[in-house]
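Student: For reference, the structure I am asking about is given below.
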Amino acid sequence: MEPKRLTDEEINDAVSLAVREAIDFVESEIAPDRIKAQRYFDGKCDLGYEDGRSKVVATKVRDTIRAIKPALMRVFLQSDKPVEFIPRTPQAVMAAEQATKYASYIFNRNNGFDVISDVFHDALVKKVGIAKVYYDENPDVEFDEYTGLTQQQAQMVEMDPEVDVVEMTITQEAEIDAMGMEIMPALYDMKVAKTSRRGEIKIKSVAPEDFFVDRGAVSIDDCYVCGHSSEGRVGDLVEMGFDFERVYELSGDVDSATDQEEDFIRRGWDDDDTSDSHIDPSMRKILITEAYMRMDIDGVGVPKLYKFLCAGQDYEVLDYELCDYNPFAVFEVDPEPHTFFGRSLADIIIEDQNVATSLMRGLLDNIAMLNNPRLIVNDQAVEMDDVLNAEIGGIIRTTDMGAVREISVGATATAALPAIQFYDEVVRAKTGVSGAAMGLDADALQSQTAAGVNAAVQAATAVSELIARTLAEGGMKQLFRTIAKLARANPNPNEMMRIDGQFVPVDPTSWGADLDMMTNVGLGNGAHDQRIAMMQQALQLQMQVFGQYGAMNGLVTMTNIRNTVADLMGLAGVHNADRYIQPMNPQIEQQLMMAQQQQQMMAQQQGQQSDPNMAFMQTEQMKAQTRAQVDMQKAAMEHQRKLLEMAQKNDLDRDGMAQDLLIEAAKILGQYGTSVDVERIKAEQNAPRQFMPMQGMM
């Protein structure tokens with residue numbers, strides 16, 4: 001079977017089926033656990049109780065989550081850069097710094113504290129927290145009124161593509177022109193709406209009960225379909241440009257697959273679904289679903305990611321478009337390998353809340369029975385009104401001293417309290433939330449050294465640190481990666497950002513893909529005061545190097561020193577460092593150094609002109625240098641002359657040796673008749689020789 005281009009009907013059927021199956025999976029498999037976790041977080045449990053007995057619930061789920069959440073928020077938000085982009089090449093250093101600060105700026109502009117608080121809470125209670133990052137082009141409408149415009153002026157206003165004329169009236173009044181003639185020019189009064197579109201990156205948290213994903217998904221990147229549904233109005237879709245009649249037919253009672261979970265979590269009561277839709281049709285409720293799904297619509301054999309906008313209970317597709325990213329970031333605290341939904345912190349300690357509730361109820365019931373014991377009464381021998389009177393010190397009138405007796409009840413506190421403490425330790429071991437971790441367990445930490453206390457605290461926080469690292473490496477990285485993608489895909493040429501006290505233009509297109517990410521979650525880097533101490537030591541080293549070797553030391557610059565001081569102030573909670581120290585960067589530093597060198601040169605020139613002794617000394621120094629150069633040249637010429645003389649003398653000596661050789665050879669031949677090998681002797685004499693200079697001769 002070969003791929004083919006899909007029709008609109010086939011696209012609608014495929015998307016509707018995929019969304020419905022994904023929502024059915026969440027409703028049947030995930031929603032019941034989340035509803036139970038929310039009930040336990042609200043201080044309820046599944047244990048029954050008898051009339052007249054204690055109904056108290058040990059809120060272990062809520063107490064544990066409320067204890068660990070502030071620590072997680074502090075770990076992530078104590079740094080002004082929760083996520084840092086790391087360059088892969090030297091050329092990407094500036095781009096990485098700009099991407100880091102711009103992503104943090106977008107995060108803070110969208111009230112990142114509230115977003116992180118919501119998704120952390122959802123992850124701790126409802127298995128996952130979902131954050132959505134998207135690019136929104138909101139139209140900004142301004143209404144203006146003009147009076148007394150001429151026809152030419154009115155036409156100019158109408159020609160503006162961003163202006164829509166709402167009202168216009170034309171008036172004519174008789175006037176006398178410069179020639180004394182009566183004219184009646186037309187004057188225009190206009191009311192216009194000027195619409196300007198300004199896009200920006202938005203971040204919001206999505207309720208887990210509104211989010212859906214297919215059954216076979218392992219992560220948000222490999223899912224077949226994912227998305228979220230929300231309750232909207234007919235007018236919302238009409239404002240997007242859809243036909244009113246079509247949208248109105250799809251509206252009606254909003255009864256999504258996760259409606260039960262939504263009703264319980266958000267309201268806790270039934271929705272009567274009353275509205276004024278019979279008066280204003282545009283306010284009629286409609287289910288709006290946004291789905292992201294891979295599909296081969298063009299029939300090329302390669303599926304692409306599309307964004308589908310669906311409406312109504314049947315998830316009819318209204319519109320779709322290509323999408324190059326998935327906008328969701330998924331936060332989990334205890335992920336399960338090879339599955340999308342892991343465990344929440346509430347899932348881990350739900351059963352412990354039942355046990356702790358049972359123990360606490362038994363303890364309270366026992367104390368109540370000890371304080372108000374049951375009585376065995378002979379109603380014939382006592383006044384029952386006296387027996388029923390619970391006043392302290394009240395008198396019971398009786399004719400028989402044995403007519404009233406207490407039922408003996410043993411004190412179980414000695415057994416219940418250790419059991420309660422045991423289960424408290426069980427919860428602490430599972431979650432990492434303990435008194436030692438928060439510095440509150442005085443009995444456990446007393447009479448210990450500082451190292452012992454630190455070791456105890458670190459051991460107690462091991463589980464909570466793992467939770468923080470899981471959140472960082474999962475949802476936090478996904479969140480900031482999507483911010484960077486959107487910034488590169490939708491650059492704003494007029495975007496400016498403050499970096500190191502200066503406003504610089506932001507160019508996301510220059511970031512490229514040569515950037516890695518590192519989460520700064522404050523784990524494994526020591527305590528806050530230890531980081532401050534380390535930065536202070538670094539500052540001392542920088543000042544020592546800079547003071548001893550100057551600005552051209554090659555190791556520390558003024559920019560480095562300024563950054564260290566600014567980081568120290570940030571750790572101390574002072575983030576407006578520009579108020580106390582001026583901005584500094586390599587360009588400014590280079591300009592300052594050049595200005596300082598020019599000042600030094602000018603000072604030297606002025607000093608030379610004003611001091612005749614200095615000028616005389618410099619002249620004598622130049623003369624001495626000139627004499628030294630002349631002497632060196634003379635010595636070199638003398639050395640060359642001596643070498644030439646030695647070479648000439650060597651040639652003369654060789655010629656004399658050759659003549660003496662011939663004479664001696666002739667004598668030997670004449671006296672003894674023996675010939676001499678003159679050629680061999682000449683060859684040995686003419687062979688090159690190496691001379692070793694004697695010490696002190698060079």
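Ligands are numbered from 1 in the order shown, residues from 1 within each chain, and chains are lettered A, B, ... in the order they appear in the structure tokens.
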I need the residues of stretch 91-325 of chain A that end up classed as alpha helix (DSSP H) by DSSP on the backbone, written out as a CSV table (one decimal) with C-alpha atoms, in the first residue's frame.
Tutor:
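Output file part.csv follows:
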chain,number,residue,atom,x,y,z
A,93,VAL,CA,30.0,32.0,23.9
A,94,MET,CA,28.1,35.3,23.5
A,95,ALA,CA,25.1,33.6,22.0
A,96,ALA,CA,24.9,31.2,25.0
A,97,GLU,CA,25.1,34.1,27.5
A,98,GLN,CA,22.4,36.0,25.6
A,99,ALA,CA,20.1,32.9,25.3
A,100,THR,CA,20.5,32.2,29.0
A,101,LYS,CA,19.5,35.7,30.1
A,102,TYR,CA,16.8,36.1,27.5
A,103,ALA,CA,15.1,32.8,28.5
A,104,SER,CA,15.3,33.8,32.2
A,105,TYR,CA,13.8,37.2,31.2
A,106,ILE,CA,10.9,35.5,29.4
A,107,PHE,CA,10.4,33.1,32.4
A,108,ASN,CA,10.2,36.0,34.9
A,109,ARG,CA,8.0,38.1,32.6
A,112,GLY,CA,7.6,32.1,36.5
A,113,PHE,CA,7.1,31.7,40.3
A,114,ASP,CA,3.4,31.0,39.9
A,115,VAL,CA,4.0,28.6,37.0
A,116,ILE,CA,6.6,26.6,38.8
A,117,SER,CA,4.5,26.6,42.0
A,118,ASP,CA,1.5,25.2,40.1
A,119,VAL,CA,3.4,22.5,38.1
A,120,PHE,CA,5.3,21.4,41.2
A,121,HIS,CA,2.1,21.0,43.2
A,122,ASP,CA,0.5,19.0,40.4
A,123,ALA,CA,3.5,16.7,40.1
A,124,LEU,CA,3.5,16.1,43.9
A,125,VAL,CA,-0.2,15.4,44.0
A,126,LYS,CA,-1.4,14.3,40.5
A,151,GLN,CA,-11.7,64.8,2.7
A,152,GLN,CA,-8.0,64.3,2.0
A,153,GLN,CA,-7.2,63.7,5.7
A,154,ALA,CA,-10.1,61.3,6.1
A,155,GLN,CA,-8.8,59.3,3.1
A,156,MET,CA,-5.4,59.1,4.6
A,157,VAL,CA,-6.9,57.7,7.8
A,158,GLU,CA,-8.9,55.1,5.9
A,159,MET,CA,-5.8,54.0,4.0
A,234,VAL,CA,-18.9,30.2,21.0
A,235,GLY,CA,-17.7,33.8,20.8
A,236,ASP,CA,-14.1,32.7,21.5
A,237,LEU,CA,-14.0,30.6,18.3
A,238,VAL,CA,-15.9,33.2,16.2
A,239,GLU,CA,-13.3,35.8,17.3
A,244,PHE,CA,-20.7,31.3,13.8
A,245,GLU,CA,-23.3,28.8,12.5
A,246,ARG,CA,-20.8,25.9,12.3
A,247,VAL,CA,-19.5,26.6,15.8
A,248,TYR,CA,-22.9,27.1,17.3
A,249,GLU,CA,-24.0,23.6,16.0
A,250,LEU,CA,-21.0,22.1,17.8
A,259,ASP,CA,-15.4,16.1,33.7
A,260,GLN,CA,-15.7,14.0,36.9
A,261,GLU,CA,-12.2,14.6,37.9
A,262,GLU,CA,-12.5,18.3,37.0
Student: So which residues touch stretch 7-9 of chain A within 12 Å, counting only C-alpha atoms, skipping near sequence neighbours fewer than 6 positions away, as a list in words?
Tutor: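 Skipping anything fewer than 6 positions along the chain leaves Val15, Ser16, Asp296, Ile297, Asp298, Gly299, Glu316, Val317, Leu318, Asp319 and Tyr320 of chain A.
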Student: Report, in Å with one decimal, the straight-line distance from atom CA of A:Ala329 to atom CA of A:Lys132.
Tutor: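 Atom-to-atom, atom CA of A:Ala329 to atom CA of A:Lys132, that is 6.3 Å.
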Student: If you run DSSP on this backbone, which residues of stretch 86-279 of chain A come out as strand (DSSP E or B), and could you give them as a PyMOL selection string?
Tutor: chain A and resi 86-87+129-149+163-172+175-176+182-183+186-206+211-213+225-233
Student: Which residue is closest to A:Arg428? Choose from A:Asp221, A:Asp24, A:Asp324, A:Asp352 and count only C-alpha atoms.
Tutor: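 When distances to A:Arg428 are compared using only C-alpha atoms, the smallest one comes from A:Asp352.
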Student: Just want the 12 Å neighbourhood of stretch 128-130 of chain A, counted on only C-alpha atoms, with same-chain residues fewer than 6 positions away dropped. Output as a ChimeraX atom specification.
Tutor: /A:30-31,34,115-122,203-213,219-220,226-228,327-336,340-347,470-471,474-476,478-479
Student: Give me a file of those residues, with N, CA and C atoms, as a short mmCIF file (atom, residue, chain, number, x, y, z; two decimals), in the first residue's frame.
Tutor:
data_model
loop_
_atom_site.label_atom_id
_atom_site.label_comp_id
_atom_site.auth_asym_id
_atom_site.auth_seq_id
_atom_site.Cartn_x
_atom_site.Cartn_y
_atom_site.Cartn_z
N ILE A 30 -5.86 6.68 34.84
CA ILE A 30 -5.11 7.69 35.59
C ILE A 30 -6.01 8.52 36.51
N ALA A 31 -7.17 8.91 36.02
CA ALA A 31 -8.04 9.81 36.79
C ALA A 31 -8.42 9.25 38.15
N ARG A 34 -5.72 9.93 40.65
CA ARG A 34 -5.56 11.36 40.94
C ARG A 34 -6.70 11.87 41.81
N VAL A 115 4.00 29.80 37.85
CA VAL A 115 3.98 28.64 36.96
C VAL A 115 4.68 27.45 37.61
N ILE A 116 5.87 27.69 38.17
CA ILE A 116 6.61 26.61 38.81
C ILE A 116 5.88 26.10 40.03
N SER A 117 5.27 26.99 40.79
CA SER A 117 4.50 26.56 41.97
C SER A 117 3.35 25.65 41.57
N ASP A 118 2.65 25.99 40.49
CA ASP A 118 1.52 25.17 40.06
C ASP A 118 1.97 23.79 39.56
N VAL A 119 2.99 23.76 38.71
CA VAL A 119 3.39 22.47 38.13
C VAL A 119 4.05 21.59 39.19
N PHE A 120 4.76 22.16 40.15
CA PHE A 120 5.33 21.36 41.23
C PHE A 120 4.23 20.75 42.08
N HIS A 121 3.21 21.55 42.38
CA HIS A 121 2.09 21.03 43.18
C HIS A 121 1.38 19.90 42.43
N ASP A 122 1.13 20.10 41.14
CA ASP A 122 0.47 19.05 40.37
C ASP A 122 1.32 17.78 40.31
N ILE A 203 3.82 31.58 28.85
CA ILE A 203 3.99 30.34 29.61
C ILE A 203 2.81 30.24 30.57
N LYS A 204 2.18 29.08 30.61
CA LYS A 204 1.09 28.87 31.55
C LYS A 204 1.07 27.41 31.98
N SER A 205 0.49 27.18 33.13
CA SER A 205 0.35 25.81 33.62
C SER A 205 -0.99 25.25 33.14
N VAL A 206 -0.97 23.99 32.75
CA VAL A 206 -2.17 23.29 32.28
C VAL A 206 -2.62 22.32 33.36
N ALA A 207 -3.90 22.35 33.68
CA ALA A 207 -4.44 21.43 34.68
C ALA A 207 -4.26 19.99 34.21
N PRO A 208 -3.73 19.09 35.04
CA PRO A 208 -3.54 17.69 34.61
C PRO A 208 -4.82 17.02 34.15
N GLU A 209 -5.97 17.41 34.72
CA GLU A 209 -7.22 16.79 34.29
C GLU A 209 -7.65 17.25 32.91
N ASP A 210 -7.06 18.33 32.39
CA ASP A 210 -7.35 18.79 31.04
C ASP A 210 -6.38 18.21 30.01
N PHE A 211 -5.30 17.62 30.46
CA PHE A 211 -4.26 17.12 29.56
C PHE A 211 -4.52 15.65 29.23
N PHE A 212 -4.21 15.25 28.00
CA PHE A 212 -4.36 13.86 27.61
C PHE A 212 -3.17 13.44 26.75
N VAL A 213 -2.87 12.16 26.76
CA VAL A 213 -1.79 11.58 25.98
C VAL A 213 -2.17 10.13 25.69
N SER A 219 7.24 9.27 26.55
CA SER A 219 7.61 10.65 26.86
C SER A 219 6.82 11.58 25.96
N ILE A 220 6.94 12.87 26.22
CA ILE A 220 6.19 13.84 25.44
C ILE A 220 6.74 13.93 24.02
N CYS A 226 -1.13 14.11 21.80
CA CYS A 226 -1.25 14.73 23.12
C CYS A 226 -1.95 16.06 22.94
N GLY A 227 -2.41 16.63 24.02
CA GLY A 227 -3.10 17.91 23.93
C GLY A 227 -3.85 18.21 25.20
N HIS A 228 -4.74 19.18 25.13
CA HIS A 228 -5.54 19.53 26.30
C HIS A 228 -6.87 20.10 25.84
N PRO A 327 4.59 21.91 22.54
CA PRO A 327 4.65 23.03 23.49
C PRO A 327 4.62 22.63 24.96
N PHE A 328 4.53 21.34 25.28
CA PHE A 328 4.32 20.93 26.66
C PHE A 328 5.64 20.52 27.32
N ALA A 329 5.79 20.91 28.58
CA ALA A 329 6.90 20.47 29.43
C ALA A 329 6.30 19.67 30.58
N VAL A 330 6.79 18.46 30.78
CA VAL A 330 6.20 17.53 31.75
C VAL A 330 7.11 17.43 32.97
N PHE A 331 6.56 17.71 34.14
CA PHE A 331 7.29 17.64 35.40
C PHE A 331 6.83 16.42 36.19
N GLU A 332 7.78 15.61 36.65
CA GLU A 332 7.48 14.42 37.44
C GLU A 332 8.42 14.36 38.63
N VAL A 333 7.96 13.75 39.72
CA VAL A 333 8.80 13.61 40.92
C VAL A 333 9.32 12.19 41.09
N ASP A 334 8.60 11.21 40.59
CA ASP A 334 9.04 9.81 40.69
C ASP A 334 8.65 9.09 39.41
N PRO A 335 9.37 9.34 38.32
CA PRO A 335 8.98 8.73 37.03
C PRO A 335 9.17 7.22 37.05
N GLU A 336 8.31 6.57 36.31
CA GLU A 336 8.39 5.13 36.12
C GLU A 336 9.02 4.85 34.76
N PHE A 340 4.63 6.83 30.63
CA PHE A 340 4.50 8.29 30.68
C PHE A 340 4.19 8.76 32.09
N PHE A 341 3.24 8.13 32.74
CA PHE A 341 2.82 8.55 34.07
C PHE A 341 3.57 7.75 35.13
N GLY A 342 4.28 8.45 35.99
CA GLY A 342 4.96 7.81 37.10
C GLY A 342 4.10 7.86 38.35
N ARG A 343 4.76 8.03 39.49
CA ARG A 343 4.05 8.11 40.77
C ARG A 343 4.21 9.51 41.35
N SER A 344 3.17 9.96 41.99
CA SER A 344 3.25 11.22 42.72
C SER A 344 3.68 10.94 44.15
N LEU A 345 4.04 11.99 44.86
CA LEU A 345 4.40 11.83 46.27
C LEU A 345 3.19 11.38 47.08
N ALA A 346 2.00 11.84 46.66
CA ALA A 346 0.78 11.41 47.35
C ALA A 346 0.55 9.91 47.17
N ASP A 347 0.82 9.37 45.98
CA ASP A 347 0.65 7.94 45.76
C ASP A 347 1.53 7.12 46.68
N THR A 470 15.26 15.34 39.36
CA THR A 470 14.34 14.79 38.36
C THR A 470 13.49 15.89 37.73
N LEU A 471 13.01 16.81 38.55
CA LEU A 471 12.25 17.93 38.01
C LEU A 471 13.10 18.80 37.10
N GLY A 474 14.02 17.01 33.74
CA GLY A 474 12.84 16.72 32.92
C GLY A 474 12.14 17.98 32.46
N GLY A 475 11.16 18.42 33.24
CA GLY A 475 10.32 19.53 32.81
C GLY A 475 11.04 20.85 32.68
N MET A 476 12.01 21.12 33.56
CA MET A 476 12.67 22.42 33.53
C MET A 476 13.46 22.59 32.22
N GLN A 478 12.89 20.97 29.40
CA GLN A 478 11.93 21.04 28.30
C GLN A 478 11.34 22.44 28.20
N LEU A 479 11.05 23.05 29.34
CA LEU A 479 10.45 24.38 29.35
C LEU A 479 11.37 25.40 28.70
#
Student: List the neighbours of A:Met569 out to 10 Å using only C-alpha atoms; skip same-chain residues closer than 6 positions along the sequence, and give me the result as a PDB file with C-alpha atoms, in the first residue's frame.
Tutor:
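This is the output file out_14.pdb:
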ATOM      1  CA  ILE A 532      29.363  33.052  49.064  1.00  0.00           C
ATOM      2  CA  ASN A 563      30.989  39.920  37.353  1.00  0.00           C
ATOM      3  CA  HIS A 575      20.072  42.110  42.291  1.00  0.00           C
ATOM      4  CA  ASN A 576      20.386  45.763  41.177  1.00  0.00           C
ATOM      5  CA  ALA A 577      24.179  45.717  41.120  1.00  0.00           C
ATOM      6  CA  TYR A 580      26.535  50.343  43.052  1.00  0.00           C
TER       7      TYR A 580
END
Student: Looking at A:Glu231, A:Asp160, A:Glu465, A:Glu173, which one is nearest to A:Ser196, with distances taken over only C-alpha atoms?
Tutor: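 Ranking A:Glu231, A:Asp160, A:Glu465, A:Glu173 by distance to A:Ser196, first place goes to A:Asp160.
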Student: Would you list the contacts of stretch 51-60 of chain A as a compact mmCIF listing (two decimals) with N, CA and C atoms, in the first residue's frame, taking every protein, DNA or RNA residue within 6 Å and counting only C-alpha atoms, but skipping same-chain residues closer than 4 positions in sequence?
Tutor:
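What ended up in selection-v2.txt:
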# COMPACT_ATOMS: atom_id res chain seq x y z
N GLY A 43 -7.43 16.10 53.16
CA GLY A 43 -7.65 15.68 54.55
C GLY A 43 -8.73 14.64 54.72
N THR A 64 3.25 16.48 54.24
CA THR A 64 4.52 16.17 53.57
C THR A 64 4.73 17.05 52.35
N GLN A 353 -1.03 7.26 55.38
CA GLN A 353 -2.01 8.15 55.99
C GLN A 353 -3.15 7.34 56.61
N ALA A 356 -1.61 5.92 59.93
CA ALA A 356 -1.45 6.98 60.92
C ALA A 356 -2.80 7.46 61.43
N THR A 357 -3.80 7.50 60.56
CA THR A 357 -5.14 7.90 60.99
C THR A 357 -5.72 6.90 61.97
N ARG A 361 -6.60 7.88 65.81
CA ARG A 361 -7.97 7.74 66.31
C ARG A 361 -8.02 6.85 67.55
Student: For each of A:Val302, A:Val133, A:Leu72, A:Ala489, take the minimum atom-to-atom distance to A:Asn326, counting only C-alpha atoms, then give the residue where this is smallest.
Tutor: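 Nearest to A:Asn326: A:Val133.
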Student: Expressed in Å to a single decimal, how great is the separation between atom CA of A:Glu290 and atom CA of A:Met240?
Tutor: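 According to the coordinates, atom CA of A:Glu290 and atom CA of A:Met240 are separated by 13.8 Å.
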Student: Using only C-alpha atoms, can you tell me which of A:Gly362, A:Ile561, A:Pro337, A:Phe480 comes closest to A:Glu50?
Tutor: A:Gly362
Student: If I take atom CA of A:Thr557 and atom CA of A:Val506, how far is one from the other in Å, to one decimal?
Tutor: 25.2 Å
